[in-house]
$ cat work34.cif   # mmCIF, C-alpha atoms
data_structure
loop_
_atom_site.label_atom_id
_atom_site.label_comp_id
_atom_site.auth_asym_id
_atom_site.auth_seq_id
_atom_site.Cartn_x
_atom_site.Cartn_y
_atom_site.Cartn_z
CA MET A 1 92.30 70.84 105.92
CA GLU A 2 95.75 71.31 107.43
CA LYS A 3 96.43 73.81 110.17
CA LEU A 4 99.87 75.42 110.48
CA ARG A 5 101.29 77.93 112.94
CA PHE A 6 104.26 80.27 112.56
CA HIS A 7 105.84 82.55 115.12
CA PHE A 8 108.32 85.40 114.67
CA ASP A 9 109.94 87.62 117.31
CA GLY A 10 111.78 90.92 117.14
CA GLY A 11 109.46 92.83 114.81
CA LYS A 12 108.38 96.45 115.16
CA VAL A 13 105.31 96.44 117.39
CA ALA A 14 102.18 97.84 115.76
CA PRO A 15 100.06 100.42 117.66
CA ALA A 16 97.50 98.51 119.72
CA ALA A 17 94.62 100.63 118.40
CA THR A 18 95.21 99.74 114.74
CA PRO A 19 91.91 98.39 113.32
CA ALA A 20 91.88 94.87 111.93
CA ARG A 21 91.97 94.41 108.16
CA ILE A 22 90.92 91.59 105.87
CA VAL A 23 92.00 91.14 102.25
CA GLY A 24 91.32 88.47 99.66
CA VAL A 25 88.55 85.91 99.31
CA VAL A 26 88.41 82.18 100.06
CA ALA A 27 87.95 81.21 96.40
CA SER A 28 89.75 78.56 94.38
CA GLY A 29 93.44 79.46 94.10
CA ASN A 30 92.94 82.40 96.42
CA LEU A 31 92.98 83.08 100.16
CA GLU A 32 91.86 85.56 102.78
CA VAL A 33 94.28 87.21 105.18
CA LEU A 34 93.00 88.71 108.44
CA ILE A 35 95.48 90.91 110.31
CA GLU A 36 94.82 92.22 113.82
CA ALA A 37 96.81 94.07 116.45
CA LEU A 38 97.57 91.88 119.45
CA PRO A 39 97.77 94.31 122.38
CA GLY A 40 100.32 93.38 125.03
CA ASP A 41 102.18 91.02 122.74
CA THR A 42 105.36 91.66 120.75
CA ALA A 43 105.35 88.60 118.49
CA CYS A 44 104.03 88.08 114.98
CA ALA A 45 101.75 85.04 115.24
CA ILE A 46 100.49 83.49 112.00
CA GLU A 47 97.90 80.73 111.75
CA VAL A 48 97.04 79.07 108.46
CA ALA A 49 94.15 76.78 107.52
CA THR A 50 94.77 75.35 104.06
CA VAL A 51 93.07 72.81 101.81
CA ALA A 52 96.43 71.68 100.44
CA ARG A 53 98.05 69.18 102.81
CA GLY A 54 101.76 68.54 103.00
CA PHE A 55 103.18 71.92 102.00
CA GLY A 56 104.38 73.00 105.46
CA ALA A 57 107.98 73.54 104.34
CA ILE A 58 106.89 75.84 101.51
CA TRP A 59 104.61 77.81 103.85
CA GLN A 60 107.56 78.19 106.25
CA ALA A 61 109.74 79.59 103.43
CA VAL A 62 106.98 82.00 102.31
CA MET A 63 106.49 83.19 105.89
CA ASN A 64 110.25 83.63 106.46
CA ASP A 65 110.39 85.81 103.34
CA PHE A 66 107.32 87.73 104.50
CA PHE A 67 108.77 88.49 107.92
CA ALA A 68 112.03 89.57 106.29
CA ARG A 69 110.06 92.07 104.17
CA HIS A 70 107.72 93.19 106.95
CA PRO A 71 109.15 92.59 110.43
CA LEU A 72 105.94 93.34 112.35
CA GLY A 73 105.30 92.65 116.02
CA GLY A 74 102.20 92.61 118.19
CA VAL A 75 100.11 91.22 115.36
CA ARG A 76 98.01 88.14 114.75
CA ILE A 77 97.62 87.04 111.14
CA ALA A 78 95.04 84.39 110.23
CA ILE A 79 94.78 82.82 106.79
CA ASN A 80 92.03 80.75 105.18
CA ASP A 81 93.60 79.26 102.07
CA ALA A 82 91.83 77.59 99.15
CA GLY A 83 94.93 76.46 97.29
CA ALA A 84 96.73 79.71 96.51
CA THR A 85 100.23 79.52 95.00
CA PRO A 86 103.17 80.86 97.08
CA ALA A 87 103.31 84.01 94.91
CA ILE A 88 99.63 84.77 95.56
CA VAL A 89 100.12 84.18 99.29
CA SER A 90 103.03 86.64 99.34
CA LEU A 91 101.05 89.28 97.42
CA ARG A 92 98.04 88.95 99.74
CA LEU A 93 100.27 89.22 102.82
CA ASP A 94 101.85 92.39 101.42
CA GLN A 95 98.38 93.76 100.61
CA ALA A 96 97.21 93.01 104.16
CA VAL A 97 100.19 94.83 105.69
CA GLU A 98 99.69 97.79 103.35
CA GLU A 99 96.03 98.09 104.42
CA PHE A 100 96.91 97.57 108.07
CA THR A 101 99.60 100.24 108.19
CA ARG A 102 97.89 102.80 105.92
CA PRO A 103 96.44 105.89 107.64
CA ARG A 104 92.71 105.33 108.17
CA GLU A 105 91.08 108.58 107.01
CA ARG A 106 89.73 108.88 103.43
CA ARG A 107 90.59 105.29 102.74
CA HIS A 108 87.89 104.94 100.07
CA GLY A 109 88.46 108.31 98.41
CA MET B 1 85.29 103.84 86.61
CA ALA B 2 85.21 100.88 88.98
CA SER B 3 83.39 97.78 87.73
CA TYR B 4 80.76 96.32 90.05
CA TYR B 5 81.17 92.93 88.34
CA GLU B 6 84.90 92.74 89.02
CA ALA B 7 84.75 93.99 92.61
CA THR B 8 84.66 91.87 95.75
CA ALA B 9 81.77 92.30 98.17
CA ARG B 10 83.93 94.52 100.42
CA GLU B 11 85.05 96.65 97.50
CA ARG B 12 81.42 97.11 96.45
CA LEU B 13 80.43 98.30 99.92
CA ALA B 14 83.39 100.68 100.02
CA GLY B 15 82.30 102.23 96.72
CA LEU B 16 78.52 102.23 97.27
CA LEU B 17 78.23 103.56 100.81
CA ASP B 18 79.05 107.04 102.06
CA PRO B 19 82.77 107.22 102.95
CA ASP B 20 83.64 105.87 106.39
CA SER B 21 79.95 105.42 107.30
CA PHE B 22 79.92 101.62 107.38
CA VAL B 23 80.02 99.86 110.75
CA GLU B 24 80.23 96.11 110.30
CA VAL B 25 78.31 93.75 112.58
CA LEU B 26 80.00 90.41 113.31
CA PRO B 27 83.14 91.36 111.36
CA PRO B 28 85.78 88.80 110.37
CA THR B 29 87.49 89.22 113.74
CA ALA B 30 84.40 87.60 115.33
CA ARG B 31 85.36 84.43 113.42
CA LEU B 32 81.75 83.29 113.18
CA VAL B 33 82.45 80.53 110.68
CA SER B 34 80.24 77.70 109.45
CA PRO B 35 80.20 74.71 111.83
CA HIS B 36 78.94 72.54 108.95
CA LEU B 37 81.92 73.31 106.72
CA GLN B 38 84.27 72.67 109.64
CA ALA B 39 82.64 69.30 110.29
CA LEU B 40 83.13 68.41 106.60
CA ASP B 41 86.78 69.56 106.75
CA LEU B 42 86.09 72.21 104.10
CA PRO B 43 87.53 75.74 103.98
CA THR B 44 85.68 78.39 105.97
CA ALA B 45 85.61 82.18 105.63
CA PHE B 46 85.83 84.47 108.69
CA ASP B 47 82.61 86.26 107.64
CA ASP B 48 80.95 83.11 106.20
CA GLY B 49 80.71 84.86 102.85
CA VAL B 50 78.47 87.76 103.83
CA ILE B 51 79.19 91.23 105.22
CA ILE B 52 76.43 92.91 107.25
CA GLY B 53 76.18 96.23 109.04
CA GLY B 54 74.81 99.75 109.14
CA ALA B 55 75.83 102.74 107.03
CA THR B 56 74.53 105.74 105.16
CA LEU B 57 73.96 105.68 101.39
CA ASP B 58 73.49 109.13 99.90
CA GLY B 59 72.58 110.26 103.40
CA LEU B 60 69.99 107.52 103.99
CA ALA B 61 70.46 105.42 107.15
CA VAL B 62 70.51 101.89 105.76
CA GLN B 63 71.28 98.37 106.86
CA VAL B 64 73.17 96.33 104.27
CA ALA B 65 74.23 92.80 103.43
CA ALA B 66 76.77 91.96 100.73
CA GLN B 67 77.32 88.39 99.59
CA GLU B 68 80.78 87.37 98.37
CA GLY B 69 80.30 85.26 95.24
CA GLY B 70 83.89 84.07 95.31
CA PHE B 71 83.31 82.07 98.49
CA MET B 72 81.37 78.91 97.54
CA GLY B 73 79.55 80.78 94.78
CA GLY B 74 77.86 82.98 97.35
CA ALA B 75 75.85 80.01 98.60
CA VAL B 76 73.78 80.58 101.73
CA GLY B 77 74.60 78.52 104.79
CA GLU B 78 73.19 78.60 108.30
CA VAL B 79 75.50 81.33 109.65
CA GLN B 80 75.29 83.49 106.54
CA GLY B 81 71.50 83.23 106.56
CA ALA B 82 71.29 84.09 110.25
CA LYS B 83 73.47 87.16 109.65
CA ILE B 84 71.16 88.41 106.87
CA VAL B 85 68.01 87.69 108.90
CA GLY B 86 69.53 89.46 111.92
CA MET B 87 70.43 92.47 109.77
CA LEU B 88 66.82 92.70 108.55
CA ALA B 89 65.55 92.50 112.16
CA ARG B 90 68.01 95.26 113.06
CA ALA B 91 66.61 97.41 110.25
CA ARG B 92 63.13 97.02 111.74
CA ALA B 93 64.32 97.66 115.31
CA ARG B 94 66.08 100.85 114.23
CA ASP B 95 63.39 101.92 111.76
CA ALA B 96 66.03 102.21 109.05
CA ALA B 97 65.40 104.29 105.93
CA GLY B 98 65.99 101.15 103.92
CA VAL B 99 67.82 97.87 103.42
CA VAL B 100 70.30 97.18 100.64
CA LEU B 101 71.03 93.58 99.63
CA LEU B 102 74.01 93.01 97.33
CA LEU B 103 73.08 89.55 96.10
CA GLU B 104 75.56 87.23 94.42
CA THR B 105 74.61 83.65 95.06
CA GLY B 106 73.81 80.25 93.62
CA GLY B 107 71.23 79.75 96.37
CA VAL B 108 71.38 77.23 99.19
CA ARG B 109 74.79 75.94 100.24
CA LEU B 110 74.23 72.26 99.52
CA GLN B 111 76.83 71.18 102.09
CA GLU B 112 74.55 72.61 104.77
CA ALA B 113 71.44 70.88 103.43
CA ASN B 114 68.30 71.60 105.46
CA ALA B 115 70.02 74.29 107.55
CA GLY B 116 70.69 76.20 104.33
CA LEU B 117 67.16 75.70 103.02
CA ILE B 118 65.68 76.94 106.30
CA ALA B 119 68.08 79.91 106.22
CA VAL B 120 66.83 80.98 102.79
CA SER B 121 63.16 80.63 103.81
CA GLU B 122 63.89 82.75 106.90
CA ILE B 123 65.51 85.41 104.70
CA ILE B 124 62.39 85.51 102.48
CA ARG B 125 60.13 85.83 105.52
CA ALA B 126 62.36 88.57 106.98
CA ILE B 127 62.34 90.57 103.71
CA CYS B 128 58.54 90.49 103.67
CA ALA B 129 58.34 91.43 107.37
CA THR B 130 60.70 94.36 106.79
CA ARG B 131 58.70 95.62 103.81
CA ALA B 132 55.47 95.18 105.76
CA ALA B 133 56.99 97.43 108.43
CA GLY B 134 57.28 100.15 105.79
CA ILE B 135 61.02 99.79 105.19
CA PRO B 136 62.06 99.40 101.54
CA VAL B 137 64.36 96.48 100.72
CA VAL B 138 66.33 97.00 97.52
CA ALA B 139 68.50 94.35 95.83
CA ALA B 140 71.49 94.83 93.53
CA ILE B 141 72.52 92.03 91.14
CA GLY B 142 75.55 92.45 88.92
CA GLY B 143 78.21 89.93 89.88
CA GLN B 144 79.76 86.99 88.12
CA TYR B 145 77.67 84.34 89.86
CA GLY B 146 74.26 85.97 89.34
CA CYS B 147 71.40 85.37 91.76
CA PHE B 148 69.77 81.94 91.64
CA GLY B 149 67.94 79.31 93.63
CA GLY B 150 65.98 80.31 96.68
CA MET B 151 67.75 83.67 96.71
CA GLY B 152 66.19 84.32 93.30
CA ILE B 153 62.86 84.11 95.11
CA ALA B 154 64.20 86.35 97.87
CA ALA B 155 65.19 88.94 95.24
CA GLY B 156 61.68 88.78 93.81
CA CYS B 157 60.29 89.63 97.26
CA CYS B 158 62.26 92.89 97.40
CA SER B 159 60.79 96.35 96.81
CA ALA B 160 63.02 96.88 93.79
CA ILE B 161 65.87 95.19 91.94
CA VAL B 162 68.78 97.02 90.32
CA MET B 163 70.72 95.02 87.73
CA SER B 164 73.45 95.47 85.17
CA GLU B 165 73.50 93.74 81.81
CA GLU B 166 76.09 91.36 83.24
CA GLY B 167 73.81 90.32 86.12
CA ARG B 168 71.66 87.20 85.95
CA LEU B 169 68.52 86.41 87.92
CA GLY B 170 66.63 83.15 87.97
CA LEU B 171 65.35 80.24 89.99
CA SER B 172 67.09 77.14 88.61
CA GLY B 173 70.44 78.10 87.15
CA PRO B 174 71.34 77.17 83.56
CA GLU B 175 73.40 74.11 84.54
CA VAL B 176 70.61 72.88 86.81
CA ILE B 177 68.03 73.10 84.03
CA GLU B 178 70.32 71.30 81.61
CA THR B 179 71.04 68.56 84.15
CA ALA B 180 67.37 68.05 84.97
CA HIS B 181 65.81 68.40 81.52
CA GLY B 182 68.58 67.77 79.01
CA VAL B 183 70.68 69.89 76.69
CA ASP B 184 67.86 70.10 74.13
CA GLU B 185 65.77 71.95 76.69
CA PHE B 186 68.51 74.37 77.70
CA ASP B 187 72.16 74.48 76.63
CA SER B 188 73.96 76.05 79.59
CA ARG B 189 77.11 76.58 77.49
CA ASP B 190 75.20 78.80 75.05
CA ARG B 191 76.01 82.06 76.79
CA ALA B 192 73.87 84.17 74.44
CA LEU B 193 70.87 81.92 75.23
CA VAL B 194 71.59 82.14 78.97
CA TRP B 195 71.65 85.95 78.88
CA ARG B 196 68.54 86.11 76.65
CA THR B 197 66.78 84.12 79.38
CA VAL B 198 68.11 85.32 82.73
CA GLY B 199 70.37 88.29 81.88
CA GLY B 200 69.89 91.83 83.13
CA LYS B 201 68.55 93.27 79.86
CA HIS B 202 65.85 90.61 79.53
CA ARG B 203 64.90 90.91 83.19
CA TYR B 204 64.56 94.66 82.71
CA LEU B 205 62.40 94.34 79.58
CA MET B 206 60.20 91.79 81.37
CA GLY B 207 59.76 94.08 84.39
CA ASP B 208 61.47 91.66 86.79
CA CYS B 209 64.15 94.22 87.48
CA ASP B 210 63.25 97.86 87.98
CA VAL B 211 66.44 99.69 87.08
CA LEU B 212 69.07 98.68 84.52
CA VAL B 213 72.48 100.30 84.98
CA ASP B 214 75.91 100.13 83.41
CA ASP B 215 78.48 97.98 85.17
CA ARG B 216 79.86 100.77 87.35
CA ILE B 217 79.75 100.98 91.14
CA ASP B 218 78.73 104.66 90.99
CA ALA B 219 75.83 103.78 88.66
CA PHE B 220 74.64 101.14 91.14
CA ARG B 221 74.98 103.66 93.98
CA ALA B 222 72.80 106.24 92.22
CA ALA B 223 70.19 103.63 91.27
CA LEU B 224 70.04 102.18 94.80
CA ALA B 225 69.60 105.64 96.34
CA HIS B 226 66.84 106.42 93.83
CA SER B 227 65.11 103.07 94.43
CA LEU B 228 65.21 103.46 98.21
CA ARG B 229 63.49 106.84 97.94
CA ALA B 230 60.99 105.76 95.26
CA ALA B 231 59.99 102.35 96.64
CA GLY B 232 56.32 101.78 97.31
CA GLY B 233 54.98 99.90 100.31
CA LEU B 234 53.84 96.29 100.56
CA ASP B 235 50.08 96.02 100.88
CA LEU B 236 47.26 94.03 99.32
CA ALA B 237 46.83 96.49 96.45
CA ALA B 238 50.52 96.23 95.58
CA VAL B 239 50.41 92.43 95.59
CA GLU B 240 47.28 92.42 93.41
CA ARG B 241 48.93 94.82 90.93
CA GLU B 242 51.92 92.48 90.75
CA HIS B 243 49.67 89.47 90.13
CA ALA B 244 47.76 91.33 87.39
CA MET B 245 51.07 92.24 85.73
CA LEU B 246 52.25 88.59 85.88
CA THR B 247 48.94 87.35 84.42
CA ALA B 248 49.08 89.87 81.57
CA ARG B 249 52.68 88.91 80.91
CA LEU B 250 51.87 85.22 80.75
CA ASP B 251 48.98 85.91 78.38
CA ALA B 252 51.18 88.05 76.14
CA TYR B 253 54.35 85.96 76.02
CA GLY B 254 53.46 82.50 77.38
CA GLN B 255 53.78 80.88 73.96
CA CYS B 256 57.21 82.36 73.21
CA GLY B 257 60.09 79.91 73.10
CA ASP B 258 62.99 82.34 73.39
CA GLY B 259 63.78 85.81 74.68
CA GLU B 260 64.09 87.02 71.11
CA ASP B 261 60.46 85.98 70.40
CA ILE B 262 59.32 88.01 73.41
CA TRP B 263 61.26 91.09 72.26
CA ARG B 264 59.65 90.78 68.81
CA ALA B 265 56.22 90.52 70.44
CA MET B 266 57.11 93.61 72.46
CA GLY B 267 57.52 95.51 69.21
CA PHE B 268 61.28 95.45 68.67
CA ASP B 269 61.66 95.43 64.88
CA ALA B 270 65.14 93.92 65.11
CA PRO B 271 65.02 91.75 68.27
CA GLN B 272 68.32 90.10 67.35
CA ASP B 273 70.00 93.46 67.99
CA VAL B 274 68.63 93.89 71.52
CA PRO B 275 71.63 92.22 73.23
CA MET B 276 73.93 94.74 71.55
CA LEU B 277 71.98 97.85 72.61
CA ALA B 278 73.70 100.17 75.07
CA THR B 279 71.99 100.42 78.45
CA ALA B 280 70.68 103.94 77.83
CA ALA B 281 69.25 102.95 74.41
CA LEU B 282 67.53 99.89 75.88
CA VAL B 283 66.05 101.90 78.75
CA ALA B 284 64.76 104.52 76.27
CA ALA B 285 63.27 101.78 74.07
CA ARG B 286 61.40 100.22 76.99
CA GLN B 287 60.11 103.56 78.20
CA SER B 288 58.81 104.51 74.76
CA ARG B 289 57.02 101.13 74.51
CA ARG B 290 55.48 101.64 77.96
CA ALA B 291 54.26 105.07 76.94
CA ALA B 292 52.81 103.81 73.67
#
$ encode --input "work34.cif" --output "structure tokens"
Amino acid sequence: MEKLRFHFDGGKVAPAATPARIVGVVASGNLEVLIEALPGDTACAIEVATVARGFGAIWQAVMNDFFARHPLGGVRIAINDAGATPAIVSLRLDQAVEEFTRPRERRHG
Amino acid sequence: MASYYEATARERLAGLLDPDSFVEVLPPTARLVSPHLQALDLPTAFDDGVIIGGATLDGLAVQVAAQEGGFMGGAVGEVQGAKIVGMLARARARDAAGVVLLLETGGVRLQEANAGLIAVSEIIRAICATRAAGIPVVAAIGGQYGCFGGMGIAAGCCSAIVMSEEGRLGLSGPEVIETAHGVDEFDSRDRALVWRTVGGKHRYLMGDCDVLVDDRIDAFRAALAHSLRAAGGLDLAAVEREHAMLTARLDAYGQCGDGEDIWRAMGFDAPQDVPMLATAALVAARQSRRAA
């Protein structure tokens, strides 16, 4: 396993009471993304645990793109990755943000 | 209509339980991951592959566990097992109206060796203790990975089992049988043979599963609610009835070499057509044979 950390400042701070969300599954070629509000903090802190060693530069590029799309602050994002491609990682991150920022009531219809 | 087979464990819970009623215990934010997988430098999941908590299902106060087949084939490790056992103890402490187990698992997580084996035996003991306390425990099986190994035994200890045609239930999985006894004994790549042996339709005809439903989350929801309300208790008379049924079944079909032979012995004139029957037609055929 390789552990990576990314840190972004200057994002729009999420309300501290926003419930945590998890999307995805730790299955081959897939990943899970856990997103939580980080009360009292303004940064976007991302931690990754991945089975694929040596792809730090690609992860950095994917995360830079992600923060450009979704400049969030006051959040902690944790990823367990089982070899997802960069496109899958980006889609899961977008899905996590969508769930995290969606109004809570009647979520399941 | 949402497919149960295609859904993740979390999506199944969202569709099965009453809206916004689920309160998760030890959610992913608790980060209670497997110490064994960490020690082996293998990927972990924040919920260790099982979601537990309390909710209402059709108004019934239930405790639930949902295994995620995508994570290590739903295999049971020490943490996952402890979560399920704890949920069952919680059901007894709160005198729940029932327990729902969404099983999707290959059995013991081999990486966790004895800790996984002990976990599965503790789950079996906890299911029996919960039923003995008068609380029905109902299992649903309809995911890609089926329900095998020690968790196949655990399913058999439940008050009722709800399956879809796509679901599979067994002890040794097809690949395990082929590895141990050779391809002549069981060809695990013969999917028709696998489903004739462990698939939902066969399990329903044999009486191993109580309700056969179409692969829809709303169909599972209705069947689980019905099974929770209809489940009988666990007492000596119930166990003796089960043993009598198993003895009669062995006497009737013990010489059959294939599911198709059993269906012929059951009175299906065209047993080769059974796998193609729609769920409703199969259920009607079994009920008419029971009545006869």
$ resolve_selection --input "work34.cif" --expression "the PyMOL selection byres ((chain B) within 6 of (chain A))" --output "PyMOL selection string"
chain B and resi 41+70-71
$ closest_residue --input "work34.cif" --among "B:Leu228, B:Leu42, B:Val239, B:Ile217" --to "Glu6 (chain B)" --atoms "all atoms listed in the file"
B:Ile217
$ resolve_selection --input "work34.cif" --expression "the PyMOL selection byres ((chain A and resi 38) around 8)" --output "PyMOL selection string"
chain A and resi 16+36-37+39-42+74-76
$ closest_residue --input "work34.cif" --among "A:Asp94, A:Glu47, A:Thr85, A:Thr101" --to "Ala68 (chain A)" --atoms "only C-alpha atoms"
A:Asp94
$ closest_residue --input "work34.cif" --among "A:Ile46, A:Ile58, A:Leu72, A:Leu91" --to "Lys12 (chain A)" --atoms "all atoms listed in the file"
A:Leu72
$ axis_aligned_box --input "work34.cif" --around "region 88-101 of chain A" --padding-each-side "5 Å" --output "JSON"
{"center_x": 99.5, "center_y": 92.2, "center_z": 101.9, "size_x": 17.0, "size_y": 26.1, "size_z": 22.6}
$ atom_distance --input "work34.cif" --atom1 "CA of Leu110 (chain B)" --atom2 "CA of Gln67 (chain B)"
16.4 Å
$ atom_distance --input "work34.cif" --atom1 "CA of Gln80 (chain B)" --atom2 "CA of Gly146 (chain B)"
17.4 Å
$ resolve_selection --input "work34.cif" --expression "the PyMOL selection byres ((chain B and resi 275) around 12)" --output "PyMOL selection string"
chain B and resi 165-166+191-197+199-202+205+259-260+263+268+270-274+276-279+281-282
$ atom_distance --input "work34.cif" --atom1 "CA of Pro174 (chain B)" --atom2 "CA of Gly77 (chain B)"
21.5 Å
$ closest_residue --input "work34.cif" --among "B:Val213, B:Ala230, B:Leu37, B:Met1" --to "Gly98 (chain B)" --atoms "all atoms listed in the file"
B:Ala230
$ closest_residue --input "work34.cif" --among "B:Ala219, B:Ala160, B:Val50, B:Met245" --to "Ser3 (chain B)" --atoms "all atoms listed in the file"
B:Ala219
$ closest_residue --input "work34.cif" --among "B:Val85, B:Ala2, B:Leu32, B:Leu236" --to "Asp215 (chain B)" --atoms "all atoms listed in the file"
B:Ala2
$ residues_around --input "work34.cif" --residues "region 10-17 of chain B" --least-positions-apart "2" --cutoff "8 Å" --atoms "only C-alpha atoms" --output "VMD selection string"
(chain A and resid 108) or (chain B and resid 4 7 to 8 19 21 to 22 51 55 to 58 66 217 to 218 220 to 221)
$ residues_around --input "work34.cif" --residues "Asp65 (chain A)" --least-positions-apart "3" --cutoff "12 Å" --atoms "only C-alpha atoms" --output "list of chain:residue names"
A:Phe8, A:Ile58, A:Trp59, A:Gln60, A:Ala61, A:Val62, A:Ala68, A:Arg69, A:His70, A:Pro71, A:Pro86, A:Ala87, A:Val89, A:Ser90, A:Leu91, A:Leu93, A:Asp94
$ decode --input "work34.cif" --residues "region 75-89 of chain A" --atoms "N, CA and C atoms" --output "mmCIF file, in the first residue's frame"
data_model
loop_
_atom_site.group_PDB
_atom_site.id
_atom_site.type_symbol
_atom_site.label_atom_id
_atom_site.label_comp_id
_atom_site.auth_asym_id
_atom_site.auth_seq_id
_atom_site.Cartn_x
_atom_site.Cartn_y
_atom_site.Cartn_z
ATOM 1 N N VAL A 75 -13.111 20.454 4.772
ATOM 2 C CA VAL A 75 -13.486 19.055 4.544
ATOM 3 C C VAL A 75 -12.253 18.150 4.623
ATOM 4 N N ARG A 76 -12.548 16.911 5.027
ATOM 5 C CA ARG A 76 -11.534 15.854 5.037
ATOM 6 C C ARG A 76 -12.039 14.764 4.109
ATOM 7 N N ILE A 77 -11.236 14.409 3.127
ATOM 8 C CA ILE A 77 -11.606 13.365 2.172
ATOM 9 C C ILE A 77 -10.617 12.220 2.331
ATOM 10 N N ALA A 78 -11.138 11.016 2.532
ATOM 11 C CA ALA A 78 -10.284 9.837 2.693
ATOM 12 C C ALA A 78 -10.652 8.810 1.631
ATOM 13 N N ILE A 79 -9.628 8.253 0.998
ATOM 14 C CA ILE A 79 -9.831 7.332 -0.119
ATOM 15 C C ILE A 79 -9.136 6.007 0.163
ATOM 16 N N ASN A 80 -9.881 4.905 -0.007
ATOM 17 C CA ASN A 80 -9.280 3.570 -0.070
ATOM 18 C C ASN A 80 -9.379 3.121 -1.511
ATOM 19 N N ASP A 81 -8.230 2.940 -2.153
ATOM 20 C CA ASP A 81 -8.212 2.682 -3.587
ATOM 21 C C ASP A 81 -7.708 1.271 -3.878
ATOM 22 N N ALA A 82 -8.449 0.557 -4.733
ATOM 23 C CA ALA A 82 -8.027 -0.783 -5.154
ATOM 24 C C ALA A 82 -7.694 -0.781 -6.644
ATOM 25 N N GLY A 83 -6.950 0.232 -7.075
ATOM 26 C CA GLY A 83 -6.460 0.251 -8.443
ATOM 27 C C GLY A 83 -7.391 0.894 -9.440
ATOM 28 N N ALA A 84 -8.126 1.919 -9.019
ATOM 29 C CA ALA A 84 -9.014 2.627 -9.939
ATOM 30 C C ALA A 84 -8.201 3.481 -10.911
ATOM 31 N N THR A 85 -8.727 3.662 -12.131
ATOM 32 C CA THR A 85 -8.074 4.538 -13.104
ATOM 33 C C THR A 85 -8.353 5.996 -12.718
ATOM 34 N N PRO A 86 -7.548 6.939 -13.234
ATOM 35 C CA PRO A 86 -7.780 8.359 -12.899
ATOM 36 C C PRO A 86 -9.207 8.814 -13.209
ATOM 37 N N ALA A 87 -9.793 8.334 -14.305
ATOM 38 C CA ALA A 87 -11.158 8.748 -14.662
ATOM 39 C C ALA A 87 -12.151 8.289 -13.604
ATOM 40 N N ILE A 88 -11.988 7.051 -13.130
ATOM 41 C CA ILE A 88 -12.892 6.526 -12.098
ATOM 42 C C ILE A 88 -12.725 7.323 -10.806
ATOM 43 N N VAL A 89 -11.480 7.660 -10.465
ATOM 44 C CA VAL A 89 -11.235 8.439 -9.253
ATOM 45 C C VAL A 89 -11.957 9.784 -9.347
#
